[in-house]
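Notes to accompany the following structure.
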Amino acid sequence: MSKPLIEITHLKKYFPIHGGIFSKKVGDIKAVDDITFSIGEGEIFGLVGESGCGKSSAGRAISNLYKPTAGKVVFDGEVIFDVDENYYIEKKKMQAMRRNIQMIFQDPFASLDPRMSIGAIVSEGLIKHKIMGKEEALERTKELLEICGLDKSNVTKYPHEFSGGQRQRIGIARSLALNPKFIIADEPTAALDVSIQAQVLTLMQELKESMGLTYLFISHDLSLVRYFCDRLGIMYLGSFVEIGTAEQLFDNTMHPYSQALLSAVPKSHPSEVKERIILEGDVPSPSNPPKGCKFHTRCPQAMEICSKVAPVMVEVEPGHTVWCHLVK
Amino acid sequence: MSEILLEVKDLTTSFQTSEGKLTAVQNVDITIRKGKVLGVVGESGCGKSVTSLSIMRLLPKNQGFIDSGKVLFEGEDLVALDELEMQKVRGNDIAMIFQEPMTALNPVFTIGNQIGESLTIHKGLKGEENRKVCVELLKKVKIPRAEQVIDEYPHQLSGGMRQRVMIAMALSCEPKLLIADEPTTALDVTIQAQVLDLMRNLSKESNMSVMFITHDLGVIAEMADDVSVMYAGRIVEEADAVTLFDEMQHPYTRGLFSSRVMNVKKGETLQCIPGMVPPLNNLPRGCAFAPRCKQCMPICEEKMPELLEVAPNHKVRCWLYDERRENQ
């Protein structure tokens with residue numbers, strides 16, 4: 001791995017549950033429960049899991065859009081927050097930091113303001129950060145649109161005039177406007193058709209090469225992350241179950257949950273025979289996760305110890321870590 | 001070839017909109033064999049859902065019209081039936097499940113109420129007897145705690161469970177044909193694997209035919225016996241599933257296939273189809289796929305090709321395989 005660009009240590013994000021007559025706090029939804037990982041410069045790190053596993057919350061907590069409950073994030077040598085030390089970066093500094101950390105959102109229909117023209121949407125950051133004057137920003141916007149495969153005449157149009165794939169390109173152009181180092185892409189292709197999905201992925205790959213970007217790629221689609229990401233972390237109920245390079249995870253899958261996820265991916269040919277592990281039941285509620293290993297209620301290989309003791313991290317090969325009692 | 005259950009012949013469906021008449025489905029022929037699964041694939045806006053709504057005669061009133069064509073269900077033309085006769089077919093002989101299990105269930109009625117409704121209407125079952133059948137149905141779709149779930153409301157169930165309830169509802173009158181419109185798109189991979197597994201078993205057990213609409217070729221590989229590929233309101237290729245995956249001919253089908261990340265190794269570039277689906281009110285004069293096709297010839301821009309048999313049970317709509325192109 002190259003030099004780490006961002007390091008996340010013991011990050012937690014709990015959402016309080018209020019109940020009763022006085023809306024007292026009655027519990028927590030443990031959306032992100034103690035995750036530690038780092039992303040190297042120029043790397044694509046994939047955060048994978050089913051809905052509700054906390055992957056989007058993790059993305060937002062890392063970019064400081066959610067106030068974290070615990071943990072520490074260091075970006076490019078600068079501490080963004082360290083809850084244990086009660087250190088939070090100054091607002092001014094964070095604003096400057098935001099130039100380097102940008103997001104691409106899942107739903108291209110909800111993430112663009114319908115009352116702003118495309119020019120205004122893409123150039124907003126440039127003007128807000130006082131990098132350029134209005135006219136210069138408009139020129140830069142046209143350039144960005146062309147980089148993202150849209151015609152520069154589109155600056156005066158409004159979001160409703162575009163299809164899903166085009167809107168996602170606008171979202172990408174917006175995230176690139178400030179020349180960021182790091183982009184958090186939260187399921188950027190989930191709402192798109194297959195042929196358009198391929199176009200957007202190809203664009204993101206080209207941009208990574210030409211602009212030297214680092215991505216945190218959040219997705220539920222395993223075949224997608226296998227192709228797109230260098231390293232992966234598989235999450236279940238707010239915690240990691242397995243982290244490794246894409247090759248390690250796909251060729252030497254250790255955790256029963258990762259194995260089940262992999263086997264659930266549809267076949268690529270009708271005559272392919274696939275050994276399928278069908279998981280029973282649904283994901284338990286993150287407000288009351290099972291004791292011990294969180295996965296033991298659905299695990300086909302659960303043992304007695306699994307319901308009592310939470311497994312510790314085991315490094316099975318360099319860079320490949322698993323949290324499971326089966327792995328010694 | 002096994003017996004034919006449903007035959008759609010030369011179906012054309014259009015919508016009256018403020019921008020004039022839009023033809024969503026044009027001259028579509030579909031054949032569904034008894035006890036087999038027909039997969040209909042295509043991107044959004046290709047007319048796959050409209051085809052199924054036309055079969056069910058559920059097009060929005062005063063907006064959607066079947067302009068021409070026949071829907072022969074066991075020899076009887078459904079298009080010619082009046083509304084009352086059609087009600088007897090709907091839910092009884094042909095049932096349908098939808099993409100969004102969240103919106104397809106009524107939030108203010110219990111599960112038992114909603115499943116029991118069609119039993120009362122079509123079979124005249126009431127009271128205890130009705131309830132007993134409902135519980136059996138819930139058990140058939142593998143819902144745990146069926147006796148309790150029957151008195152619960154949709155919001156108490158997860159997405160996968162709701163889709164199972166939808167399936168139970170559709171199965172209540174033992175339909176001969178089940179139309180499933182993207183039933184697993186809103187579900188996680190592991191839950192999708194559960195639901196697909198269930199549907200496949202149910203279809204085998206009761207010799208029920210299924211029309212499975214999806215945009216995901218992986219799900220097709222998983223489920224379908226026969227496949228029809230649709231593009232811009234027309235069928236562009238049809239064959240049995242194994243033939244289609246082995247010998248796909250139409251450039252669009254091949255494009256769809258190679259846009260899927262699971263068919264590409266890491267490091268290889270993703271092949272994508274350039275451009276996007278043309279709007280229905282502005283279709284090109286010739287083949288609708290011509291503007292995006294890499295093998296486009298002059299004739300493609302002039303004239304729509306016909307759906308021709310290139311091998312037994314394998315039809316393609318493309319000038320590449322039509323020898324008459326020279327004489328045109």
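Numbering starts fresh at 1 for the residues of each chain in the structure tokens, the chains themselves are lettered A, B, ... in the order given, and ligands are numbered from 1 as they appear.
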Please report as number ranges by chain which residues of chain B come no farther than 9 Å from chain A, using only C-alpha atoms.
B: 43-44, 144, 158, 160-161, 187-194, 197, 215-225, 241-242, 245-246, 255-276
Any chance you could export the current selection's C-alpha atoms as an mmCIF file, in the first residue's frame?
data_model
loop_
_atom_site.group_PDB
_atom_site.id
_atom_site.type_symbol
_atom_site.label_atom_id
_atom_site.label_comp_id
_atom_site.auth_asym_id
_atom_site.auth_seq_id
_atom_site.Cartn_x
_atom_site.Cartn_y
_atom_site.Cartn_z
ATOM 1 C CA GLU B 43 -33.251 -0.973 -19.761
ATOM 2 C CA SER B 44 -35.668 1.511 -18.269
ATOM 3 C CA PRO B 144 -41.344 -17.739 9.911
ATOM 4 C CA SER B 158 -38.667 -6.209 6.266
ATOM 5 C CA GLY B 160 -37.702 -9.412 1.808
ATOM 6 C CA MET B 161 -40.611 -10.525 3.999
ATOM 7 C CA LEU B 187 -33.689 -6.185 -2.314
ATOM 8 C CA ASP B 188 -30.185 -6.952 -1.082
ATOM 9 C CA VAL B 189 -28.216 -9.705 -2.828
ATOM 10 C CA THR B 190 -28.634 -12.231 -0.024
ATOM 11 C CA ILE B 191 -32.375 -11.582 0.187
ATOM 12 C CA GLN B 192 -32.604 -11.601 -3.611
ATOM 13 C CA ALA B 193 -31.040 -15.074 -3.617
ATOM 14 C CA GLN B 194 -33.681 -16.223 -1.092
ATOM 15 C CA ASP B 197 -34.786 -19.583 -4.924
ATOM 16 C CA HIS B 215 -32.861 -5.335 -16.286
ATOM 17 C CA ASP B 216 -30.325 -7.686 -14.736
ATOM 18 C CA LEU B 217 -28.837 -10.342 -17.021
ATOM 19 C CA GLY B 218 -27.557 -12.162 -13.942
ATOM 20 C CA VAL B 219 -31.088 -12.705 -12.679
ATOM 21 C CA ILE B 220 -32.022 -13.931 -16.161
ATOM 22 C CA ALA B 221 -29.165 -16.443 -16.107
ATOM 23 C CA GLU B 222 -30.466 -17.531 -12.740
ATOM 24 C CA MET B 223 -34.161 -17.875 -13.534
ATOM 25 C CA ALA B 224 -35.169 -17.922 -17.174
ATOM 26 C CA ASP B 225 -35.833 -20.771 -19.606
ATOM 27 C CA ALA B 241 -31.585 -18.851 -22.177
ATOM 28 C CA VAL B 242 -28.615 -21.115 -22.935
ATOM 29 C CA PHE B 245 -25.937 -16.558 -23.517
ATOM 30 C CA ASP B 246 -23.847 -18.748 -25.821
ATOM 31 C CA GLY B 255 -23.372 -4.596 -25.445
ATOM 32 C CA LEU B 256 -25.572 -5.261 -22.433
ATOM 33 C CA PHE B 257 -23.619 -8.391 -21.697
ATOM 34 C CA SER B 258 -20.212 -6.770 -21.890
ATOM 35 C CA SER B 259 -21.329 -3.805 -19.754
ATOM 36 C CA ARG B 260 -21.708 -6.198 -16.888
ATOM 37 C CA VAL B 261 -18.757 -5.894 -14.594
ATOM 38 C CA MET B 262 -18.827 -9.554 -13.631
ATOM 39 C CA ASN B 263 -17.821 -10.582 -17.144
ATOM 40 C CA VAL B 264 -14.733 -8.413 -17.062
ATOM 41 C CA LYS B 265 -11.490 -9.085 -15.267
ATOM 42 C CA LYS B 266 -9.772 -6.493 -13.177
ATOM 43 C CA GLY B 267 -7.629 -4.162 -15.183
ATOM 44 C CA GLU B 268 -9.473 -4.774 -18.438
ATOM 45 C CA THR B 269 -11.484 -1.868 -19.676
ATOM 46 C CA LEU B 270 -15.209 -2.134 -19.457
ATOM 47 C CA GLN B 271 -16.905 -2.156 -22.844
ATOM 48 C CA CYS B 272 -19.783 0.218 -22.716
ATOM 49 C CA ILE B 273 -22.568 1.129 -25.099
ATOM 50 C CA PRO B 274 -22.096 4.808 -25.931
ATOM 51 C CA GLY B 275 -24.988 7.244 -25.789
ATOM 52 C CA MET B 276 -28.356 6.518 -24.282
#
Name all residues at most 12 Å from Tyr252 in chain B (count only C-alpha atoms; drop same-chain ones fewer than 6 positions away) and give them as a short mmCIF file (atom, residue, chain, number, x, y, z; two decimals) with N, CA and C atoms, in the first residue's frame.
data_model
loop_
_atom_site.label_atom_id
_atom_site.label_comp_id
_atom_site.auth_asym_id
_atom_site.auth_seq_id
_atom_site.Cartn_x
_atom_site.Cartn_y
_atom_site.Cartn_z
N VAL A 194 -27.77 -0.76 -16.58
CA VAL A 194 -26.48 -1.44 -16.74
C VAL A 194 -25.56 -0.75 -17.73
N SER A 195 -26.09 -0.38 -18.91
CA SER A 195 -25.20 0.19 -19.92
C SER A 195 -24.68 1.55 -19.46
N VAL B 41 -35.84 -8.85 -20.72
CA VAL B 41 -34.75 -7.95 -20.30
C VAL B 41 -34.76 -6.67 -21.10
N GLY B 42 -34.35 -5.61 -20.47
CA GLY B 42 -34.21 -4.35 -21.16
C GLY B 42 -33.94 -3.26 -20.16
N GLU B 43 -33.53 -2.09 -20.66
CA GLU B 43 -33.25 -0.97 -19.76
C GLU B 43 -34.53 -0.20 -19.48
N VAL B 229 -35.27 -10.01 -25.38
CA VAL B 229 -34.56 -8.77 -25.10
C VAL B 229 -35.32 -7.63 -25.77
N MET B 230 -35.65 -6.59 -25.02
CA MET B 230 -36.40 -5.47 -25.60
C MET B 230 -35.55 -4.22 -25.67
N TYR B 231 -35.77 -3.44 -26.71
CA TYR B 231 -35.11 -2.14 -26.81
C TYR B 231 -36.07 -1.17 -27.48
N ALA B 232 -36.29 -0.02 -26.84
CA ALA B 232 -37.16 1.03 -27.37
C ALA B 232 -38.49 0.49 -27.89
N ILE B 235 -39.01 -6.02 -29.53
CA ILE B 235 -38.17 -7.16 -29.21
C ILE B 235 -37.01 -7.16 -30.20
N VAL B 236 -35.78 -7.21 -29.71
CA VAL B 236 -34.65 -7.23 -30.63
C VAL B 236 -34.02 -8.60 -30.75
N GLU B 237 -34.21 -9.43 -29.72
CA GLU B 237 -33.67 -10.77 -29.81
C GLU B 237 -34.45 -11.69 -28.88
N SER B 258 -21.58 -7.18 -22.22
CA SER B 258 -20.21 -6.77 -21.89
C SER B 258 -20.18 -5.55 -20.98
N SER B 259 -21.34 -4.90 -20.75
CA SER B 259 -21.33 -3.80 -19.75
C SER B 259 -21.39 -4.34 -18.34
N CYS B 272 -18.45 -0.28 -22.98
CA CYS B 272 -19.78 0.22 -22.72
C CYS B 272 -20.46 0.66 -24.00
N ILE B 273 -21.80 0.67 -23.95
CA ILE B 273 -22.57 1.13 -25.10
C ILE B 273 -22.58 2.65 -25.00
N PRO B 274 -22.09 3.35 -26.02
CA PRO B 274 -22.10 4.81 -25.93
C PRO B 274 -23.52 5.35 -26.04
N MET B 276 -27.28 7.02 -25.14
CA MET B 276 -28.36 6.52 -24.28
C MET B 276 -29.59 6.20 -25.09
N VAL B 277 -30.57 5.59 -24.41
CA VAL B 277 -31.80 5.17 -25.07
C VAL B 277 -32.50 6.39 -25.66
N CYS B 287 -33.45 1.51 -37.54
CA CYS B 287 -33.31 0.71 -36.33
C CYS B 287 -33.09 1.65 -35.15
N ALA B 288 -33.83 1.41 -34.04
CA ALA B 288 -33.76 2.33 -32.91
C ALA B 288 -32.39 2.30 -32.24
N PHE B 289 -31.65 1.21 -32.46
CA PHE B 289 -30.35 1.09 -31.80
C PHE B 289 -29.22 1.68 -32.66
N ALA B 290 -29.54 2.00 -33.92
CA ALA B 290 -28.50 2.44 -34.86
C ALA B 290 -27.57 3.53 -34.32
N PRO B 291 -28.09 4.59 -33.67
CA PRO B 291 -27.19 5.66 -33.23
C PRO B 291 -26.15 5.21 -32.20
N ARG B 292 -26.40 4.07 -31.52
CA ARG B 292 -25.46 3.63 -30.50
C ARG B 292 -24.67 2.42 -30.96
N CYS B 293 -24.96 1.94 -32.17
CA CYS B 293 -24.42 0.66 -32.60
C CYS B 293 -23.05 0.83 -33.24
N LYS B 294 -22.10 -0.05 -32.88
CA LYS B 294 -20.76 0.03 -33.45
C LYS B 294 -20.72 -0.53 -34.86
N GLN B 295 -21.69 -1.39 -35.19
CA GLN B 295 -21.69 -2.03 -36.51
C GLN B 295 -22.76 -1.44 -37.42
N CYS B 296 -23.09 -0.18 -37.18
CA CYS B 296 -24.17 0.44 -37.92
C CYS B 296 -23.83 0.56 -39.42
N VAL B 316 -33.63 -12.69 -34.25
CA VAL B 316 -32.88 -11.45 -34.06
C VAL B 316 -33.45 -10.38 -34.98
N ARG B 317 -33.53 -9.15 -34.45
CA ARG B 317 -33.97 -8.04 -35.29
C ARG B 317 -32.74 -7.19 -35.60
N CYS B 318 -32.04 -7.51 -36.68
CA CYS B 318 -30.83 -6.77 -37.00
C CYS B 318 -30.49 -6.98 -38.46
#
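Proximity of A:Arg174, A:Arg98, A:Lys130, A:Lys24 to Lys142 in chain A, computed with only C-alpha atoms, is greatest for A:Arg174.
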Please return, as a ChimeraX atom specification, all residues of range 69-256 of chain A that DSSP assigns to strand (DSSP E) on the basis of the backbone.
/A:70-75,78-82,87-88,101-104,182-186,214-219,231-236,239-245
Got time to write the residues from that selection, C-alpha atoms, as an mmCIF file, in the first residue's frame?
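Saved file part-v2.cif follows:
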data_model
loop_
_atom_site.group_PDB
_atom_site.id
_atom_site.type_symbol
_atom_site.label_atom_id
_atom_site.label_comp_id
_atom_site.auth_asym_id
_atom_site.auth_seq_id
_atom_site.Cartn_x
_atom_site.Cartn_y
_atom_site.Cartn_z
ATOM 1 C CA ALA A 70 -16.039 8.248 18.911
ATOM 2 C CA GLY A 71 -12.876 7.755 16.941
ATOM 3 C CA LYS A 72 -10.267 9.662 15.008
ATOM 4 C CA VAL A 73 -9.823 10.594 11.387
ATOM 5 C CA VAL A 74 -6.555 11.899 9.976
ATOM 6 C CA PHE A 75 -6.566 13.253 6.431
ATOM 7 C CA GLU A 78 -4.106 16.724 9.469
ATOM 8 C CA VAL A 79 -6.407 15.507 12.251
ATOM 9 C CA ILE A 80 -10.052 16.200 11.335
ATOM 10 C CA PHE A 81 -11.368 15.022 14.670
ATOM 11 C CA ASP A 82 -10.263 12.963 17.624
ATOM 12 C CA TYR A 87 -10.300 17.693 19.379
ATOM 13 C CA TYR A 88 -12.359 18.936 16.463
ATOM 14 C CA ILE A 101 -12.864 15.781 0.279
ATOM 15 C CA GLN A 102 -15.848 15.634 -2.038
ATOM 16 C CA MET A 103 -18.860 13.363 -2.318
ATOM 17 C CA ILE A 104 -20.837 11.775 -5.141
ATOM 18 C CA PHE A 182 -10.309 12.294 -2.141
ATOM 19 C CA ILE A 183 -13.804 11.418 -3.310
ATOM 20 C CA ILE A 184 -16.404 9.498 -1.350
ATOM 21 C CA ALA A 185 -18.760 7.868 -3.842
ATOM 22 C CA ASP A 186 -21.890 6.542 -2.156
ATOM 23 C CA THR A 214 -8.372 8.466 -4.286
ATOM 24 C CA TYR A 215 -11.820 6.945 -3.869
ATOM 25 C CA LEU A 216 -13.863 5.535 -1.055
ATOM 26 C CA PHE A 217 -16.411 3.551 -3.022
ATOM 27 C CA ILE A 218 -19.531 2.516 -1.125
ATOM 28 C CA SER A 219 -21.561 -0.247 -2.743
ATOM 29 C CA ARG A 231 -9.026 -3.077 -1.447
ATOM 30 C CA LEU A 232 -12.320 -3.958 0.207
ATOM 31 C CA GLY A 233 -13.887 -3.943 3.619
ATOM 32 C CA ILE A 234 -17.014 -6.033 4.121
ATOM 33 C CA MET A 235 -19.319 -4.642 6.793
ATOM 34 C CA TYR A 236 -22.060 -6.314 8.779
ATOM 35 C CA SER A 239 -18.471 -3.488 11.973
ATOM 36 C CA PHE A 240 -15.999 -5.028 9.594
ATOM 37 C CA VAL A 241 -16.015 -8.791 9.170
ATOM 38 C CA GLU A 242 -13.196 -8.960 6.642
ATOM 39 C CA ILE A 243 -10.740 -6.574 4.974
ATOM 40 C CA GLY A 244 -8.298 -7.368 2.193
ATOM 41 C CA THR A 245 -7.321 -6.689 -1.379
#
Per-residue DSSP, range 88-174 of chain A, filtered to helix (DSSP H, G or I), as a ChimeraX atom specification:
/A:91-98,118-128,134-147,152-156,159-161,164-174
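CA of Asp28 in chain A to CA of Lys13 in chain A spans 9.5 Å [interatomic distance, one decimal].
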Can you tell me, as an mmCIF file with N, CA and C atoms, in the first residue's frame, what residues are no more than 12 Å from Glu76 in chain B when counting only C-alpha atoms, ignoring any on the same chain fewer than 5 positions away?
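Okay, result-v4.cif is ready:
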data_model
loop_
_atom_site.group_PDB
_atom_site.id
_atom_site.type_symbol
_atom_site.label_atom_id
_atom_site.label_comp_id
_atom_site.auth_asym_id
_atom_site.auth_seq_id
_atom_site.Cartn_x
_atom_site.Cartn_y
_atom_site.Cartn_z
ATOM 1 N N LEU B 5 -48.884 -21.375 -23.064
ATOM 2 C CA LEU B 5 -49.912 -20.881 -22.151
ATOM 3 C C LEU B 5 -50.422 -19.520 -22.604
ATOM 4 N N LEU B 6 -49.483 -18.634 -22.902
ATOM 5 C CA LEU B 6 -49.880 -17.286 -23.272
ATOM 6 C C LEU B 6 -49.133 -16.857 -24.525
ATOM 7 N N GLU B 7 -49.868 -16.229 -25.429
ATOM 8 C CA GLU B 7 -49.239 -15.759 -26.646
ATOM 9 C C GLU B 7 -49.650 -14.316 -26.865
ATOM 10 N N VAL B 8 -48.665 -13.441 -26.920
ATOM 11 C CA VAL B 8 -48.954 -12.051 -27.254
ATOM 12 C C VAL B 8 -48.640 -11.903 -28.732
ATOM 13 N N LYS B 70 -53.217 -9.028 -30.083
ATOM 14 C CA LYS B 70 -53.994 -9.985 -29.309
ATOM 15 C C LYS B 70 -53.158 -10.498 -28.152
ATOM 16 N N VAL B 71 -53.845 -10.827 -27.062
ATOM 17 C CA VAL B 71 -53.191 -11.505 -25.957
ATOM 18 C C VAL B 71 -53.958 -12.794 -25.752
ATOM 19 N N LEU B 81 -61.915 -9.082 -23.888
ATOM 20 C CA LEU B 81 -62.797 -9.265 -22.726
ATOM 21 C C LEU B 81 -63.273 -7.925 -22.186
ATOM 22 N N GLU B 85 -65.264 -9.529 -16.997
ATOM 23 C CA GLU B 85 -64.655 -10.825 -17.313
ATOM 24 C C GLU B 85 -63.159 -10.795 -17.005
ATOM 25 N N MET B 86 -62.562 -9.627 -17.276
ATOM 26 C CA MET B 86 -61.122 -9.489 -17.038
ATOM 27 C C MET B 86 -60.815 -9.613 -15.549
ATOM 28 N N VAL B 89 -60.117 -13.020 -14.521
ATOM 29 C CA VAL B 89 -58.815 -13.553 -14.937
ATOM 30 C C VAL B 89 -57.713 -13.037 -14.008
#
Leaving out range 106-108 of chain A and any residue of its chain fewer than 5 positions from it, which residues lie within 7 Å of it when counting only C-alpha atoms, given as a list in words?
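Skipping anything fewer than 5 positions along the chain leaves Gly164, Arg167, Gln168, Asp186, Glu187, Pro188, Thr189, Ala190 and Ala191 of chain A.
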Keeping C-alpha atoms, export the residues of the selection given above as a short mmCIF file (atom, residue, chain, number, x, y, z; two decimals), in the first residue's frame.
data_model
loop_
_atom_site.label_atom_id
_atom_site.label_comp_id
_atom_site.auth_asym_id
_atom_site.auth_seq_id
_atom_site.Cartn_x
_atom_site.Cartn_y
_atom_site.Cartn_z
CA GLY A 164 -30.19 9.67 -14.71
CA ARG A 167 -27.25 13.78 -13.90
CA GLN A 168 -24.69 11.50 -12.32
CA ASP A 186 -21.89 6.54 -2.16
CA GLU A 187 -23.44 3.95 -4.50
CA PRO A 188 -22.95 6.23 -7.52
CA THR A 189 -24.31 3.71 -10.01
CA ALA A 190 -27.07 1.99 -8.02
CA ALA A 191 -29.85 4.01 -9.63
#
Counting only C-alpha atoms, the option among B:Glu247, B:Val165, B:Gly69, B:Lys140 closest to Glu205 in chain B
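The shortest atom-to-atom distance to Glu205 in chain B comes from B:Lys140.
Closest approach to Asp10 in chain B from the set B:Asn62, B:Gln163, B:Asn27, B:Thr120 is made by B:Asn27, with distances taken over only C-alpha atoms.
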Residue contacts of range 299-312 of chain A (8 Å, only C-alpha atoms) excluding same-chain residues fewer than 6 positions away, as a short mmCIF file (atom, residue, chain, number, x, y, z; two decimals) with C-alpha atoms, in the first residue's frame:
data_model
loop_
_atom_site.label_atom_id
_atom_site.label_comp_id
_atom_site.auth_asym_id
_atom_site.auth_seq_id
_atom_site.Cartn_x
_atom_site.Cartn_y
_atom_site.Cartn_z
CA PRO A 256 -18.85 -17.07 6.43
CA TYR A 257 -20.72 -13.82 5.79
CA LEU A 279 -28.73 -17.12 4.60
CA PRO A 290 -26.66 -9.92 18.83
CA LYS A 291 -24.08 -10.49 21.56
CA GLY A 292 -20.76 -12.06 20.73
CA CYS A 293 -20.21 -12.23 17.01
CA TRP A 323 -12.97 -11.22 12.49
CA CYS A 324 -14.18 -14.80 13.02
CA HIS A 325 -13.73 -17.57 15.57
#
